[in-house]
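What follows is a short report on a single structure.
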Amino acid sequence: MSAIRFDNRVAIVTGAGGGLGRAYALELARRGARVVVNDLGASRDGSGQSDAAQAVVEEITAAGGMAMANGGSVTEYDQMAEMVARARDAWGGVHILINNAGILRDKSFAKMDPADFEFVVRVHLVGSAFATKACWDVMREQNYGRVLMTASSSGLFGNFGQANYGAAKLGLAGLAKTLHLEGTKTNIRVNTIAPVAGTRMTEGLFPTEAFEAFAPDKVVPAALYLVSEDAPSNAIVGAGAGVFQCSYVTLTQGQMLVGDDLTPEGVAAHWDRITDRTGEILPQSGAEQTMLIGKTLQR
């Protein structure tokens with residue numbers, strides 16, 4: 001098995017001042033990448049600032065790697081565009097983007113302020129879109145790009161008290177699926193990771209032993225594979241404590257209703273058939289739902 005290397009690649013990692021982002025940045029640099037360490041330096045609820053990015057850059061350069069710090073906010077498109085321009089001017093391009101920046105403002109939906117909902121979605125979903133958009137034309141021009149979105153089990157499966165976070169994270173999985181389709185012809189591969197790790201974001205949520213078992217470096221192998229030259233595209237990969245999984249969005253064959261059954265009562269009566277997973281498919285684009293309906297009509 002040949003080593004996965006990132007020589008002559010330029011990588012941007014957002015939210016890389018600590019936790020998972022720091023772990024990604026350090027390993028990318030160790031494997032030859034030149035890394036932009038982006039971090040606003042805020043606390044896990046998005047408030048405050050620090051010099052976290054520069055500290056990671058110093059770790060990388062002390063180990064013989066190449067890195068630059070960037071304190072831009074993912075919520076400001078102009079700052080993301082400036083970050084990409086600096087990387088391109090210094091190193092000639094941008095080949096890898098790991099969208100990792102995020103915050104938490106957990107509350108039950110009943111107690112959640114609309115501002116807290118909006119801000120979490122803006123940081124995670126809009127911020128990832130802004131960072132990716134800033135890189136997109138560069139990647140298209142160089143006919144090479146690897147983009148990784150960070151989703152969560154809270155988005156894929158739901159989690160009490162995280163309506164804002166879950167909405168943003170499932171949105172990221174949908175964004176990745178469309179960008180996978182749009183990036184194919186210019187060799188841009190887009191994947192999604194759903195990590196479980198003991199970080200500043202999750203400190204206090206794990207018991208001490210579990211916090212240590214879910215160390216960020218145990219997620220890194222999946223993330224780096226998903227941004228490597230031979231990466232797949234359109235994958236949703238779960239990773240935590242050295243365990244790696246895949247999630248899928250599937251579609252059942254469904255049930256056609258006509259006549260008196262084409263009513264809410266008919267849907268209720270045929271619910272078992274509608275939800276029957278026998279022969280379910282894994283659509284590669286949204287058009288396949290329409291195509292499956294068309295096949296059912298033909299039958």
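Chain labels follow the order of the structure tokens: the first chain is A, the next B, and so on; residue numbering restarts at 1 in every chain, and ligands are counted from 1 in their shown order.
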
### Task
Using DSSP on the backbone coordinates, identify the residues of stretch 126-283 of chain A assigned to alpha helix (DSSP H); present them as a ChimeraX atom specification.
/A:127-142,153-157,163-183,208-213,220-226,264-269,271-274

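Closest approach to A:Gln284 among A:Thr192, A:Val126, A:Val249, A:Leu104: A:Val249, based on only C-alpha atoms.
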
### Task
Do a neighbour search on A:Ala85 at 10 Å with only C-alpha atoms, toss out local chain neighbours closer than 4 positions, and write the hits as number ranges by chain.
A: 79-81, 89-94, 134-135, 138

Contact check, stretch 113-143 of chain A to stretch 156-162 of chain A, at most 12 Å, counting only C-alpha atoms, closest pairs as a Markdown table:
```
| residue | atom | partner | partner_atom | distance |
| --- | --- | --- | --- | --- |
| A:Asp116 | CA | A:Gln162 | CA | 10.7 |
| A:Phe117 | CA | A:Gln162 | CA | 9.2 |
| A:Val120 | CA | A:Gln162 | CA | 9.9 |
| A:Val121 | CA | A:Gln162 | CA | 11.1 |
```

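Note that the spacing between atom CA of A:Met139 and atom CA of A:Ser153 amounts to 28.9 Å.
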
So that I can see what lies close to A:Ala115, please list as a CSV table (one decimal) with N, CA and C atoms, in the first residue's frame the residues with an atom at most 12 Å from it, counting only C-alpha atoms and leaving out residues fewer than 6 positions away in the same chain.
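Resulting contents of part00.csv:
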```csv
chain,number,residue,atom,x,y,z
A,105,ARG,N,-24.6,26.3,19.7
A,105,ARG,CA,-25.5,27.1,20.5
A,105,ARG,C,-26.7,26.2,20.8
A,121,VAL,N,-26.6,28.2,11.6
A,121,VAL,CA,-26.7,27.9,10.2
A,121,VAL,C,-25.7,28.7,9.3
A,122,ARG,N,-25.6,30.0,9.7
A,122,ARG,CA,-24.7,30.8,8.9
A,122,ARG,C,-23.3,30.4,9.0
A,164,ASN,N,-30.7,23.8,15.3
A,164,ASN,CA,-29.9,24.7,14.4
A,164,ASN,C,-28.8,24.0,13.8
```

Hey, what's within 12 Å of A:Ser2 if we count only C-alpha atoms and toss same-chain stuff fewer than 2 positions away? As an mmCIF file with C-alpha atoms, in the first residue's frame, please?
```
data_model
loop_
_atom_site.group_PDB
_atom_site.id
_atom_site.type_symbol
_atom_site.label_atom_id
_atom_site.label_comp_id
_atom_site.auth_asym_id
_atom_site.auth_seq_id
_atom_site.Cartn_x
_atom_site.Cartn_y
_atom_site.Cartn_z
ATOM 1 C CA ILE A 4 -0.817 9.003 0.541
ATOM 2 C CA ARG A 5 1.120 12.219 0.049
ATOM 3 C CA ASP A 230 -7.530 8.978 -5.407
#
```

### Task
Using DSSP on the backbone, list every residue of stretch 18-260 of chain A that comes out as strand (DSSP E or B), and give them as a ChimeraX atom specification.
/A:34-38,66-70,96-98,107,145-150,162,188-195,236-240,243-247,251

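In this comparison, which uses only C-alpha atoms, the residue of A:Phe109, A:Asp137, A:Asn234, A:Val147 approaching A:Leu181 most closely is A:Asn234.
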
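Across the model, the gap from atom CA of A:Arg146 to atom CA of A:Asn187 is 8.4 Å.
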
### Query
A:Ile188, A:Val267, A:Val227, A:Val74: which is nearest A:Val123, counting only C-alpha atoms?
A:Val74

### Task
Find the spatial neighbours of A:Val13, counting only C-alpha atoms, within a cut-off of 8 Å - ignore same-chain residues fewer than 4 positions away - and output them as an NGL selection string.
:A and (21 or 24-25 or 35-38 or 97-100)

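For the set A:Gly286, A:Gly183, A:Gly266, A:Gly198, the residue with the smallest atom-to-atom gap to A:Arg140 is A:Gly183, counting only C-alpha atoms.
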